[in-house]
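Q: The structure file data_33.txt (compact mmCIF, C-alpha atoms and all ligand atoms) is provided below.
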```txt
# COMPACT_ATOMS: atom_id res chain seq x y z
CA MET A 1 0.00 0.00 0.00
CA ARG A 2 1.25 3.49 -0.76
CA ILE A 3 0.12 7.10 -0.80
CA THR A 4 1.34 9.89 -3.07
CA ALA A 5 0.44 13.54 -3.57
CA ASN A 6 3.22 14.18 -6.04
CA PHE A 7 0.99 15.61 -8.79
CA ASP A 8 -0.85 18.79 -9.79
CA ALA A 9 -2.64 20.23 -6.73
CA GLY A 10 -1.53 17.30 -4.58
CA ASN A 11 -1.26 17.83 -0.85
CA ILE A 12 -0.59 15.28 1.89
CA GLU A 13 2.35 14.14 4.00
CA VAL A 14 2.60 10.57 5.24
CA ILE A 15 3.41 10.07 8.92
CA SER A 16 2.82 6.32 9.13
CA LEU A 17 1.52 3.52 6.86
CA GLU A 18 2.22 0.74 9.35
CA ASN A 19 -1.35 0.02 10.47
CA LYS A 20 -4.12 -0.21 7.82
CA GLN A 21 -6.67 0.78 10.46
CA ASP A 22 -4.65 3.80 11.54
CA ILE A 23 -2.87 5.30 8.54
CA GLN A 24 -1.49 8.61 9.80
CA LEU A 25 -1.31 11.64 7.51
CA SER A 26 -0.94 15.40 7.78
CA ILE A 27 -1.87 18.30 5.51
CA ARG A 28 1.04 20.48 4.33
CA PRO A 29 0.36 24.19 5.01
CA ASP A 30 0.29 26.85 2.28
CA ALA A 31 3.47 28.86 1.71
CA GLY A 32 3.85 31.11 4.74
CA GLY A 33 2.40 28.46 7.01
CA GLU A 34 -0.74 30.35 8.00
CA PHE A 35 -3.43 28.33 6.21
CA PHE A 36 -4.24 24.71 5.45
CA GLN A 37 -7.28 22.54 4.85
CA TRP A 38 -6.98 21.38 1.21
CA PHE A 39 -5.84 17.78 0.74
CA ASN A 40 -5.59 15.74 -2.44
CA PHE A 41 -3.78 12.40 -2.74
CA ARG A 42 -3.86 8.94 -4.27
CA LEU A 43 -4.01 5.74 -2.25
CA SER A 44 -2.86 2.50 -3.90
CA GLY A 45 -3.94 -0.62 -2.04
CA GLU A 46 -5.44 -4.10 -2.20
CA ILE A 47 -8.89 -4.59 -3.68
CA GLY A 48 -11.26 -5.57 -0.86
CA ASP A 49 -9.08 -4.06 1.87
CA HIS A 50 -10.51 -1.73 4.48
CA TYR A 51 -8.44 1.33 5.39
CA VAL A 52 -8.83 4.06 7.99
CA LEU A 53 -6.94 7.24 7.10
CA ASN A 54 -6.39 9.70 9.93
CA ILE A 55 -5.46 13.30 9.18
CA MET A 56 -3.64 14.02 12.42
CA ASN A 57 -3.37 17.82 12.14
CA ALA A 58 -7.02 18.44 11.15
CA GLY A 59 -7.61 20.16 14.51
CA GLU A 60 -5.14 22.92 13.61
CA ALA A 61 -6.61 23.49 10.13
CA SER A 62 -7.85 26.95 9.12
CA TYR A 63 -11.57 26.20 9.57
CA VAL A 64 -12.09 23.47 12.15
CA LYS A 65 -15.86 23.97 11.86
CA GLY A 66 -15.41 22.82 8.27
CA TRP A 67 -14.82 19.25 9.49
CA GLU A 68 -18.16 18.99 11.33
CA ASN A 69 -20.52 16.82 9.25
CA TYR A 70 -17.95 16.84 6.44
CA GLN A 71 -17.46 13.79 4.20
CA ALA A 72 -14.28 13.47 2.12
CA VAL A 73 -14.57 13.33 -1.68
CA ALA A 74 -13.13 10.42 -3.68
CA SER A 75 -12.98 8.93 -7.15
CA TYR A 76 -11.62 5.82 -8.86
CA ASP A 77 -11.81 7.18 -12.43
CA ARG A 78 -11.14 10.87 -11.54
CA GLU A 79 -14.42 11.86 -13.22
CA ASP A 80 -17.14 10.51 -10.96
CA TRP A 81 -16.64 11.88 -7.42
CA PHE A 82 -18.49 10.48 -4.41
CA ARG A 83 -18.29 10.86 -0.65
CA LEU A 84 -16.48 8.54 1.79
CA PRO A 85 -17.57 7.90 5.41
CA THR A 86 -15.70 10.53 7.44
CA THR A 87 -15.71 11.54 11.10
CA TYR A 88 -14.02 14.33 13.02
CA LYS A 89 -13.07 13.76 16.64
CA ASP A 90 -10.34 14.97 19.01
CA GLY A 91 -8.58 16.97 16.33
CA LYS A 92 -8.41 14.01 13.93
CA LEU A 93 -10.26 13.63 10.61
CA SER A 94 -10.86 9.92 9.96
CA ILE A 95 -11.72 8.73 6.45
CA THR A 96 -12.80 5.13 5.80
CA VAL A 97 -12.13 3.41 2.47
CA ASP A 98 -13.17 -0.02 1.18
CA MET A 99 -11.06 -0.50 -1.92
CA ALA A 100 -13.00 -1.49 -5.07
CA TYR A 101 -10.05 -0.96 -7.45
CA ASP A 102 -6.28 -0.60 -7.14
CA ASN A 103 -6.12 3.21 -6.86
CA ILE A 104 -8.42 5.78 -5.31
CA GLN A 105 -7.96 9.55 -5.29
CA ILE A 106 -9.17 11.33 -2.17
CA ALA A 107 -9.55 15.11 -1.91
CA TYR A 108 -11.18 17.91 0.05
CA PHE A 109 -13.38 18.61 -2.99
CA ALA A 110 -13.35 17.43 -6.63
CA PRO A 111 -10.05 18.86 -7.96
CA TYR A 112 -10.03 21.19 -10.96
CA SER A 113 -6.62 20.52 -12.51
CA TYR A 114 -4.31 22.98 -14.21
CA GLU A 115 -4.54 20.78 -17.34
CA ARG A 116 -8.33 21.09 -17.30
CA HIS A 117 -7.95 24.85 -16.84
CA GLN A 118 -5.86 24.95 -20.03
CA ASP A 119 -8.33 22.67 -21.83
CA LEU A 120 -11.12 25.09 -20.89
CA LEU A 121 -9.22 28.08 -22.31
CA ALA A 122 -8.27 26.17 -25.47
CA THR A 123 -11.86 25.09 -26.07
CA VAL A 124 -13.59 28.41 -25.49
CA GLN A 125 -11.14 30.41 -27.64
CA MET A 126 -12.58 28.68 -30.74
CA HIS A 127 -15.99 30.26 -30.20
CA PRO A 128 -16.46 33.34 -32.42
CA LEU A 129 -17.55 35.52 -29.47
CA ALA A 130 -14.62 34.52 -27.23
CA THR A 131 -11.19 36.14 -26.95
CA LEU A 132 -8.33 35.18 -24.64
CA GLU A 133 -6.19 37.93 -23.19
CA HIS A 134 -2.93 37.47 -21.30
CA LEU A 135 -3.07 39.87 -18.35
CA GLY A 136 0.33 39.14 -16.86
CA GLU A 137 2.43 36.58 -15.03
CA THR A 138 2.10 35.16 -11.55
CA LEU A 139 5.03 34.84 -9.13
CA ASP A 140 5.65 31.26 -10.34
CA LYS A 141 5.57 32.56 -13.94
CA ARG A 142 2.19 31.12 -14.85
CA ASP A 143 -0.20 32.93 -17.18
CA LEU A 144 -3.04 34.95 -15.77
CA THR A 145 -5.68 34.66 -18.49
CA LEU A 146 -8.86 36.63 -19.09
CA VAL A 147 -11.68 35.22 -21.21
CA LYS A 148 -13.72 37.95 -22.86
CA ILE A 149 -17.10 36.98 -24.26
CA GLY A 150 -18.90 39.53 -26.41
CA ASN A 151 -19.08 41.06 -29.84
CA GLY A 152 -18.38 44.62 -28.80
CA ASP A 153 -15.89 46.48 -26.68
CA SER A 154 -17.36 48.20 -23.65
CA SER A 155 -14.92 51.08 -23.99
CA SER A 156 -16.05 51.78 -27.58
CA ASP A 157 -19.73 50.83 -27.23
CA VAL A 158 -21.03 52.86 -24.31
CA ASN A 159 -24.33 51.01 -24.34
CA LYS A 160 -22.73 47.70 -23.46
CA ARG A 161 -22.43 46.81 -19.81
CA SER A 162 -19.26 45.18 -18.41
CA ILE A 163 -19.82 42.08 -16.32
CA TRP A 164 -16.79 40.73 -14.45
CA ILE A 165 -16.69 37.20 -13.04
CA ILE A 166 -13.66 35.86 -11.18
CA ALA A 167 -12.99 32.54 -9.44
CA ARG A 168 -10.43 30.82 -7.23
CA GLN A 169 -8.82 33.75 -5.49
CA HIS A 170 -8.72 30.98 -2.89
CA PRO A 171 -7.26 28.07 -4.87
CA GLY A 172 -8.59 25.24 -2.70
CA GLU A 173 -12.15 26.36 -3.53
CA THR A 174 -12.22 24.29 -6.72
CA MET A 175 -16.04 24.39 -6.94
CA ALA A 176 -15.54 27.99 -8.09
CA GLU A 177 -13.81 26.96 -11.31
CA TRP A 178 -16.34 24.16 -11.88
CA LEU A 179 -19.02 26.87 -11.69
CA ILE A 180 -17.10 28.95 -14.23
CA GLU A 181 -16.93 25.98 -16.61
CA GLY A 182 -20.70 25.52 -16.42
CA LEU A 183 -21.30 29.24 -16.81
CA LEU A 184 -18.91 29.62 -19.76
CA TYR A 185 -20.30 26.73 -21.79
CA SER A 186 -23.87 27.97 -21.15
CA LEU A 187 -22.88 31.49 -22.14
CA LEU A 188 -21.46 30.17 -25.44
CA ASP A 189 -24.43 27.88 -26.16
CA GLU A 190 -26.25 29.26 -29.21
CA ASP A 191 -29.47 27.59 -28.06
CA ASN A 192 -29.38 29.33 -24.68
CA ALA A 193 -31.71 32.32 -25.05
CA THR A 194 -30.73 33.78 -21.67
CA ALA A 195 -27.08 33.84 -22.74
CA LYS A 196 -27.89 35.34 -26.13
CA GLN A 197 -29.91 38.16 -24.61
CA LEU A 198 -27.29 38.83 -21.97
CA LEU A 199 -24.54 39.07 -24.58
CA GLU A 200 -26.58 41.57 -26.59
CA LYS A 201 -26.49 43.85 -23.58
CA ALA A 202 -23.11 43.12 -22.01
CA ASN A 203 -19.56 42.02 -22.53
CA VAL A 204 -18.59 39.36 -20.03
CA TYR A 205 -15.03 39.29 -18.65
CA ILE A 206 -14.16 36.03 -16.91
CA VAL A 207 -11.04 35.03 -14.98
CA PRO A 208 -11.54 31.26 -14.51
CA ASN A 209 -8.58 30.97 -12.16
CA MET A 210 -7.25 34.00 -10.26
CA ASN A 211 -4.64 31.91 -8.44
CA PRO A 212 -3.02 29.27 -10.67
CA ASP A 213 0.12 29.12 -8.48
CA GLY A 214 -1.82 28.28 -5.33
CA SER A 215 -3.92 25.81 -7.34
CA VAL A 216 -0.97 23.82 -8.67
CA ARG A 217 0.84 23.97 -5.32
CA GLY A 218 -2.15 22.46 -3.52
CA HIS A 219 -2.77 25.53 -1.36
CA LEU A 220 -6.04 26.26 0.41
CA ARG A 221 -6.10 30.02 0.45
CA THR A 222 -2.95 31.81 -0.77
CA ASN A 223 -0.65 32.40 -3.74
CA ALA A 224 3.02 31.42 -4.14
CA ALA A 225 4.08 34.08 -1.62
CA GLY A 226 1.53 32.93 0.96
CA VAL A 227 -0.66 36.00 0.31
CA ASN A 228 -4.46 35.87 0.59
CA LEU A 229 -5.48 37.62 -2.66
CA ASN A 230 -8.89 38.53 -1.27
CA ARG A 231 -7.21 40.92 1.21
CA GLU A 232 -5.11 42.72 -1.42
CA TRP A 233 -7.61 44.78 -3.39
CA SER A 234 -7.04 48.16 -1.81
CA ASN A 235 -3.26 47.97 -2.30
CA PRO A 236 -2.07 45.20 -4.66
CA SER A 237 1.60 44.97 -5.63
CA LEU A 238 3.63 43.15 -8.26
CA GLU A 239 5.78 41.70 -5.45
CA ARG A 240 2.98 40.24 -3.34
CA SER A 241 -0.17 40.04 -5.44
CA PRO A 242 0.44 40.48 -9.19
CA GLU A 243 -2.80 38.54 -9.82
CA VAL A 244 -4.92 41.31 -8.30
CA PHE A 245 -2.69 44.08 -9.67
CA HIS A 246 -3.14 42.95 -13.30
CA ILE A 247 -6.88 42.36 -12.99
CA ILE A 248 -7.54 45.79 -11.49
CA ASN A 249 -5.57 47.35 -14.36
CA LYS A 250 -7.82 45.65 -16.87
CA MET A 251 -10.96 46.52 -14.90
CA GLU A 252 -9.95 50.20 -15.04
CA ALA A 253 -9.85 49.90 -18.83
CA THR A 254 -13.22 48.17 -19.26
CA GLY A 255 -15.15 49.57 -16.32
CA VAL A 256 -17.25 47.26 -14.15
CA ASP A 257 -21.07 47.29 -13.97
CA LEU A 258 -21.54 43.94 -12.25
CA PHE A 259 -19.01 41.88 -10.29
CA TYR A 260 -19.37 38.23 -9.27
CA ASP A 261 -16.57 36.71 -7.18
CA VAL A 262 -16.98 32.94 -6.86
CA HIS A 263 -15.87 31.05 -3.72
CA GLY A 264 -16.46 28.01 -1.52
CA ASP A 265 -17.17 28.13 2.21
CA GLU A 266 -15.71 25.46 4.47
CA ALA A 267 -18.29 25.61 7.25
CA LEU A 268 -21.80 26.59 6.08
CA PRO A 269 -23.86 23.89 4.31
CA TYR A 270 -25.64 26.34 1.99
CA VAL A 271 -25.18 28.39 -1.20
CA PHE A 272 -25.33 32.11 -0.41
CA LEU A 273 -24.25 35.59 -1.45
CA ALA A 274 -22.15 38.08 0.51
CA GLY A 275 -22.62 41.65 -0.72
CA SER A 276 -21.06 45.06 -0.25
CA GLN A 277 -23.60 46.47 2.24
CA GLY A 278 -20.79 47.71 4.49
CA ALA A 279 -18.98 49.74 1.81
CA PRO A 280 -19.04 53.54 2.44
CA SER A 281 -21.13 54.53 -0.58
CA TYR A 282 -23.54 51.58 -0.61
CA SER A 283 -26.83 53.00 -1.86
CA GLU A 284 -30.54 52.33 -2.32
CA ARG A 285 -29.80 51.70 -5.99
CA LEU A 286 -27.31 48.93 -5.18
CA ALA A 287 -29.63 47.48 -2.52
CA HIS A 288 -32.45 47.28 -5.07
CA LEU A 289 -30.18 45.59 -7.62
CA ARG A 290 -28.98 43.15 -5.00
CA ASP A 291 -32.55 42.23 -4.00
CA ARG A 292 -33.55 41.63 -7.61
CA PHE A 293 -30.42 39.54 -8.32
CA THR A 294 -31.07 37.48 -5.19
CA GLU A 295 -34.75 36.85 -5.95
CA VAL A 296 -34.10 35.77 -9.53
CA LEU A 297 -31.17 33.51 -8.57
CA LYS A 298 -33.48 31.80 -6.06
CA LEU A 299 -35.96 31.09 -8.86
CA ALA A 300 -33.23 30.02 -11.27
CA SER A 301 -31.71 27.52 -8.84
CA ALA A 302 -33.32 25.80 -5.85
CA ASP A 303 -29.75 25.28 -4.60
CA PHE A 304 -29.52 29.00 -3.87
CA GLN A 305 -31.06 30.58 -0.75
CA SER A 306 -30.82 33.84 1.19
CA GLU A 307 -31.75 32.75 4.72
CA TYR A 308 -28.29 31.55 5.84
CA GLY A 309 -25.01 33.34 5.20
CA TYR A 310 -22.42 35.63 6.76
CA GLU A 311 -23.41 38.39 9.12
CA ILE A 312 -24.07 41.54 7.08
CA ASP A 313 -21.56 44.37 7.67
CA ALA A 314 -23.00 47.49 9.32
CA PRO A 315 -22.89 50.57 7.04
CA GLY A 316 -19.36 51.86 6.59
CA THR A 317 -17.66 48.94 8.38
CA ALA A 318 -16.72 46.74 5.40
CA ASN A 319 -13.18 45.43 4.99
CA MET A 320 -12.13 47.36 1.89
CA THR A 321 -9.26 44.99 1.08
CA VAL A 322 -11.87 42.38 0.04
CA ALA A 323 -12.61 42.22 -3.71
CA THR A 324 -16.39 42.60 -3.51
CA ASN A 325 -16.21 45.66 -1.25
CA TRP A 326 -13.38 47.32 -3.15
CA VAL A 327 -14.95 46.78 -6.59
CA ALA A 328 -18.41 47.92 -5.40
CA GLU A 329 -16.93 51.11 -3.98
CA HIS A 330 -14.48 51.88 -6.75
CA PHE A 331 -16.91 51.30 -9.64
CA ASP A 332 -20.16 52.06 -7.77
CA CYS A 333 -21.56 48.77 -9.04
CA LEU A 334 -23.44 45.69 -7.91
CA ALA A 335 -20.83 43.32 -6.46
CA ASN A 336 -21.36 39.97 -4.81
CA THR A 337 -19.30 37.11 -3.47
CA LEU A 338 -20.97 33.78 -4.20
CA GLU A 339 -20.25 31.06 -1.65
CA MET A 340 -20.85 27.35 -2.30
CA PRO A 341 -20.45 24.64 0.34
CA PHE A 342 -17.67 22.05 0.63
CA LYS A 343 -20.17 19.87 2.49
CA ASP A 344 -23.68 19.82 1.02
CA ASN A 345 -26.68 22.06 0.59
CA ASP A 346 -28.75 21.06 3.62
CA ASN A 347 -31.93 22.30 1.89
CA VAL A 348 -31.49 19.77 -0.95
CA PRO A 349 -29.06 17.18 0.44
CA ASP A 350 -27.52 14.35 -1.57
CA ALA A 351 -25.89 11.70 0.62
CA ASP A 352 -23.89 10.15 -2.24
CA THR A 353 -22.26 13.27 -3.66
CA GLY A 354 -22.89 16.15 -1.25
CA TRP A 355 -22.26 19.45 -3.00
CA SER A 356 -20.65 18.42 -6.29
CA LEU A 357 -18.89 19.67 -9.38
CA GLU A 358 -22.06 19.01 -11.40
CA ARG A 359 -24.20 21.12 -9.07
CA SER A 360 -21.57 23.88 -9.20
CA MET A 361 -21.72 23.88 -13.01
CA LYS A 362 -25.53 24.08 -13.03
CA LEU A 363 -25.39 26.98 -10.58
CA GLY A 364 -23.08 28.69 -13.06
CA GLU A 365 -25.71 28.39 -15.77
CA ALA A 366 -28.44 29.58 -13.36
CA SER A 367 -26.38 32.66 -12.47
CA LEU A 368 -26.82 33.96 -16.04
CA LEU A 369 -30.54 34.47 -15.50
CA ALA A 370 -29.91 36.60 -12.40
CA MET A 371 -27.44 38.68 -14.43
CA LEU A 372 -29.95 39.14 -17.25
CA ALA A 373 -32.59 40.20 -14.72
CA VAL A 374 -30.51 43.20 -13.61
CA VAL A 375 -28.47 44.05 -16.71
CA ASP A 376 -30.73 46.87 -17.94
CA ASP A 377 -30.59 48.63 -14.56
CA LEU A 378 -26.88 48.33 -13.79
CA ARG A 379 -26.17 52.01 -14.49
ZN ZN B 1 -12.91 31.95 -0.60
```
Just dump the structure as structure tokens.
Ligand code: ZN
A:
Amino acid sequence: MRITANFDAGNIEVISLENKQDIQLSIRPDAGGEFFQWFNFRLSGEIGDHYVLNIMNAGEASYVKGWENYQAVASYDREDWFRLPTTYKDGKLSITVDMAYDNIQIAYFAPYSYERHQDLLATVQMHPLATLEHLGETLDKRDLTLVKIGNGDSSSDVNKRSIWIIARQHPGETMAEWLIEGLLYSLLDEDNATAKQLLEKANVYIVPNMNPDGSVRGHLRTNAAGVNLNREWSNPSLERSPEVFHIINKMEATGVDLFYDVHGDEALPYVFLAGSQGAPSYSERLAHLRDRFTEVLKLASADFQSEYGYEIDAPGTANMTVATNWVAEHFDCLANTLEMPFKDNDNVPDADTGWSLERSMKLGEASLLAMLAVVDDLR
């Protein structure tokens, strides 16, 4: 029996393989050592064997509440991901596996590989409405790529709105890029009337992966320098956060009328939005847009709800280093962070899969209807 995480987005360290009923592992922290929770590894064993894998440092992970009622994700064919019996007790996350084949991959959530990221870009570029733009390099010298969908340029056609959608500022939140994949393919589907109407009214700027370095390194929350990109928006730098620096530059050129920042939440078992209510110039106009967006997204997807979520910031108390708050304030636009669960949506639970890559993709498609519902009123 052996365990390896020596691949794209892999993360695990082996402490002991001596006892099949007490395999001891630990999660390697992000660069800088502040954050960890993402794990992703392959177990090779004997068909029919029963293994208990114990993640010994789970109690020191970034979001310990994330382990409560959490079930680890696994796959034999790396396409179909299901949940494994998992318990959290005394600081230890215990995952049980009954081997059906020689190899099983086990992860915090269905991985979205760097290869798949490049496949996505390669595929969408062939659509006549899509353009790829290189925005700059990351600290590990990876490309930061923008996908622009639209037949006009917002800066030349003043009637076109600019919609910006970004994902994976936090690289371990892979459901965010699954959502983007679903959204992108729906947006480019000629038979999707919602997409067609939306593209008549707006250009859509999409960054499918804001943090490719953290993604490949198997980080939870930070880039190659150990920096949390979603705390860099008020003062990004080429040394610490080139990802944010380059994207803000491009946003200044296109303007932003609607911003959608896609994330995953470790603890809450619901899909929800976090808005910019605490930003200094939050207005009645933005509140009205937010209400409309929320109501239509609820109708478009029964996976979305507005009862559970983060506590809403009191007026003027928002953290302005956070993307949603900074963009809302700087561009005076509707801005929302979308959060999906690592666990499941407790309103529509699925014991086999929990929250899944497929549900993330469908939520991406559903998001287009909420965007169409507000597009005429964005300015
Ligand atoms: Zn996040």
Q: Using all atoms listed in the file, which of the listed residues (A:Phe342, A:Trp355, A:Trp326, A:Tyr108) sits closest to ligand ZN 1 (chain B)?
A: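 For ligand ZN 1 (chain B), the nearest of the given residues is A:Phe342.
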Q: Taking all atoms listed in the file into account, which residues have an atom no farther than 8 Å from ligand ZN 1 (chain B)? I'd like them as a ChimeraX atom specification.
A: /A:168-170,173,221,230,262-265,339
Q: Please produce a file of those selected residues containing C-alpha atoms, as an mmCIF file, in the coordinates of the input.
A:
```
data_model
loop_
_atom_site.group_PDB
_atom_site.id
_atom_site.type_symbol
_atom_site.label_atom_id
_atom_site.label_comp_id
_atom_site.auth_asym_id
_atom_site.auth_seq_id
_atom_site.Cartn_x
_atom_site.Cartn_y
_atom_site.Cartn_z
ATOM 1 C CA ARG A 168 -10.430 30.820 -7.230
ATOM 2 C CA GLN A 169 -8.820 33.750 -5.490
ATOM 3 C CA HIS A 170 -8.720 30.980 -2.890
ATOM 4 C CA GLU A 173 -12.150 26.360 -3.530
ATOM 5 C CA ARG A 221 -6.100 30.020 0.450
ATOM 6 C CA ASN A 230 -8.890 38.530 -1.270
ATOM 7 C CA VAL A 262 -16.980 32.940 -6.860
ATOM 8 C CA HIS A 263 -15.870 31.050 -3.720
ATOM 9 C CA GLY A 264 -16.460 28.010 -1.520
ATOM 10 C CA ASP A 265 -17.170 28.130 2.210
ATOM 11 C CA GLU A 339 -20.250 31.060 -1.650
#
```
Q: For the point (-21.8, 23.8, 6.4) in the file's frame, write as a list in words all residues with an atom no more than 7 Å away, counting all atoms listed in the file.
A: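 Those residues, ordered by chain and then number, are Gly66, Glu266, Ala267, Leu268, Pro269, Tyr270, Pro341, Lys343 and Asp344 of chain A.
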Q: Using all atoms listed in the file, can you tell me which of A:Leu273, A:Leu187, A:Leu144, A:Val14 comes closest to Asn209 of chain A?
A: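 Looking only at the distances to Asn209 of chain A, the closest residue turns out to be A:Leu144.
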Q: For Asp102 of chain A, which residue among A:Gly48, A:Gly59, A:Gly309, A:Pro315 is the nearest when counting only C-alpha atoms?
A: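 For Asp102 of chain A, the nearest of the candidates is A:Gly48.
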Q: Could you list, as a PyMOL selection string, every residue within 8 Å of Ile163 of chain A, counting all atoms listed in the file and ignoring same-chain residues fewer than 5 positions away?
A: chain A and resi 202-205+256-259
Q: Identify, on the basis of only C-alpha atoms, every residue whose closest approach to segment 285-302 of chain A does not exceed 12 Å; exclude the query and any residue fewer than 2 positions from it along the same chain; express the result as an mmCIF file with C-alpha atoms, in the frame of the given file.
A:
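As a result, result-v7.cif now contains:
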```cif
data_model
loop_
_atom_site.group_PDB
_atom_site.id
_atom_site.type_symbol
_atom_site.label_atom_id
_atom_site.label_comp_id
_atom_site.auth_asym_id
_atom_site.auth_seq_id
_atom_site.Cartn_x
_atom_site.Cartn_y
_atom_site.Cartn_z
ATOM 1 C CA THR A 194 -30.730 33.780 -21.670
ATOM 2 C CA ASP A 257 -21.070 47.290 -13.970
ATOM 3 C CA LEU A 258 -21.540 43.940 -12.250
ATOM 4 C CA PHE A 259 -19.010 41.880 -10.290
ATOM 5 C CA TYR A 260 -19.370 38.230 -9.270
ATOM 6 C CA TYR A 270 -25.640 26.340 1.990
ATOM 7 C CA VAL A 271 -25.180 28.390 -1.200
ATOM 8 C CA PHE A 272 -25.330 32.110 -0.410
ATOM 9 C CA LEU A 273 -24.250 35.590 -1.450
ATOM 10 C CA ALA A 274 -22.150 38.080 0.510
ATOM 11 C CA GLY A 275 -22.620 41.650 -0.720
ATOM 12 C CA SER A 276 -21.060 45.060 -0.250
ATOM 13 C CA GLN A 277 -23.600 46.470 2.240
ATOM 14 C CA GLY A 278 -20.790 47.710 4.490
ATOM 15 C CA ALA A 279 -18.980 49.740 1.810
ATOM 16 C CA SER A 281 -21.130 54.530 -0.580
ATOM 17 C CA TYR A 282 -23.540 51.580 -0.610
ATOM 18 C CA SER A 283 -26.830 53.000 -1.860
ATOM 19 C CA PHE A 304 -29.520 29.000 -3.870
ATOM 20 C CA GLN A 305 -31.060 30.580 -0.750
ATOM 21 C CA SER A 306 -30.820 33.840 1.190
ATOM 22 C CA GLU A 307 -31.750 32.750 4.720
ATOM 23 C CA ALA A 328 -18.410 47.920 -5.400
ATOM 24 C CA GLU A 329 -16.930 51.110 -3.980
ATOM 25 C CA PHE A 331 -16.910 51.300 -9.640
ATOM 26 C CA ASP A 332 -20.160 52.060 -7.770
ATOM 27 C CA CYS A 333 -21.560 48.770 -9.040
ATOM 28 C CA LEU A 334 -23.440 45.690 -7.910
ATOM 29 C CA ALA A 335 -20.830 43.320 -6.460
ATOM 30 C CA ASN A 336 -21.360 39.970 -4.810
ATOM 31 C CA THR A 337 -19.300 37.110 -3.470
ATOM 32 C CA LEU A 338 -20.970 33.780 -4.200
ATOM 33 C CA ASN A 345 -26.680 22.060 0.590
ATOM 34 C CA ASP A 346 -28.750 21.060 3.620
ATOM 35 C CA ASN A 347 -31.930 22.300 1.890
ATOM 36 C CA VAL A 348 -31.490 19.770 -0.950
ATOM 37 C CA PRO A 349 -29.060 17.180 0.440
ATOM 38 C CA ARG A 359 -24.200 21.120 -9.070
ATOM 39 C CA SER A 360 -21.570 23.880 -9.200
ATOM 40 C CA MET A 361 -21.720 23.880 -13.010
ATOM 41 C CA LYS A 362 -25.530 24.080 -13.030
ATOM 42 C CA LEU A 363 -25.390 26.980 -10.580
ATOM 43 C CA GLY A 364 -23.080 28.690 -13.060
ATOM 44 C CA GLU A 365 -25.710 28.390 -15.770
ATOM 45 C CA ALA A 366 -28.440 29.580 -13.360
ATOM 46 C CA SER A 367 -26.380 32.660 -12.470
ATOM 47 C CA LEU A 368 -26.820 33.960 -16.040
ATOM 48 C CA LEU A 369 -30.540 34.470 -15.500
ATOM 49 C CA ALA A 370 -29.910 36.600 -12.400
ATOM 50 C CA MET A 371 -27.440 38.680 -14.430
ATOM 51 C CA LEU A 372 -29.950 39.140 -17.250
ATOM 52 C CA ALA A 373 -32.590 40.200 -14.720
ATOM 53 C CA VAL A 374 -30.510 43.200 -13.610
ATOM 54 C CA VAL A 375 -28.470 44.050 -16.710
ATOM 55 C CA ASP A 376 -30.730 46.870 -17.940
ATOM 56 C CA ASP A 377 -30.590 48.630 -14.560
ATOM 57 C CA LEU A 378 -26.880 48.330 -13.790
ATOM 58 C CA ARG A 379 -26.170 52.010 -14.490
#
```
Q: Interatomic distance between atom CA of Ala130 of chain A and atom CA of Lys148 of chain A?
A: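 It comes out at 5.6 Å.
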Q: Smallest atom-to-atom distance to Val97 of chain A: which of A:Ala61, A:Ala31, A:Val73, A:Leu84, using all atoms listed in the file?
A: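 Selected residue with least distance to Val97 of chain A: A:Leu84.
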Q: Counting all atoms listed in the file, what is within 9 Å of Leu121 of chain A, bar same-chain residues fewer than 5 positions away, as JSON, numbers by chain?
A: {"A": [116, 132, 145, 147, 208]}
Q: Which residue out of A:Trp67, A:Phe39, A:Tyr185, A:Tyr310 has the minimum interatomic distance to Val124 of chain A when all atoms listed in the file are used?
A: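 Nearest candidate to Val124 of chain A out of A:Trp67, A:Phe39, A:Tyr185, A:Tyr310: A:Tyr185.
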Q: Using only C-alpha atoms, which of A:Asp352, A:Lys201, A:Leu179, A:Gly10 sits nearest Val158 of chain A?
A: A:Lys201
Q: What's around Asp8 of chain A at 9 Å? Count all atoms listed in the file, leave out sequence neighbours fewer than 4 positions away in its own chain, and write the answer as a list of chain:residue names.
A: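 The contact residues come out as A:Ser113, A:Tyr114, A:Glu115, A:Ser215, A:Val216, A:Arg217, A:Gly218.
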Q: Counting all atoms listed in the file, what is within 12 Å of Met210 of chain A, bar same-chain residues fewer than 4 positions away, as JSON, numbers by chain?
A: {"A": [117, 135, 136, 137, 138, 142, 143, 144, 145, 146, 147, 165, 166, 167, 168, 169, 170, 171, 172, 173, 174, 176, 177, 180, 206, 214, 215, 221, 222, 223, 228, 229, 230, 241, 242, 243, 244, 245, 246, 247, 248, 261, 262, 263, 323]}
Q: For atom CA of Lys89 of chain A and atom CA of Leu43 of chain A, quote the distance in Å rounded to one decimal.
A: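 Between atom CA of Lys89 of chain A and atom CA of Leu43 of chain A the gap works out to 22.4 Å.
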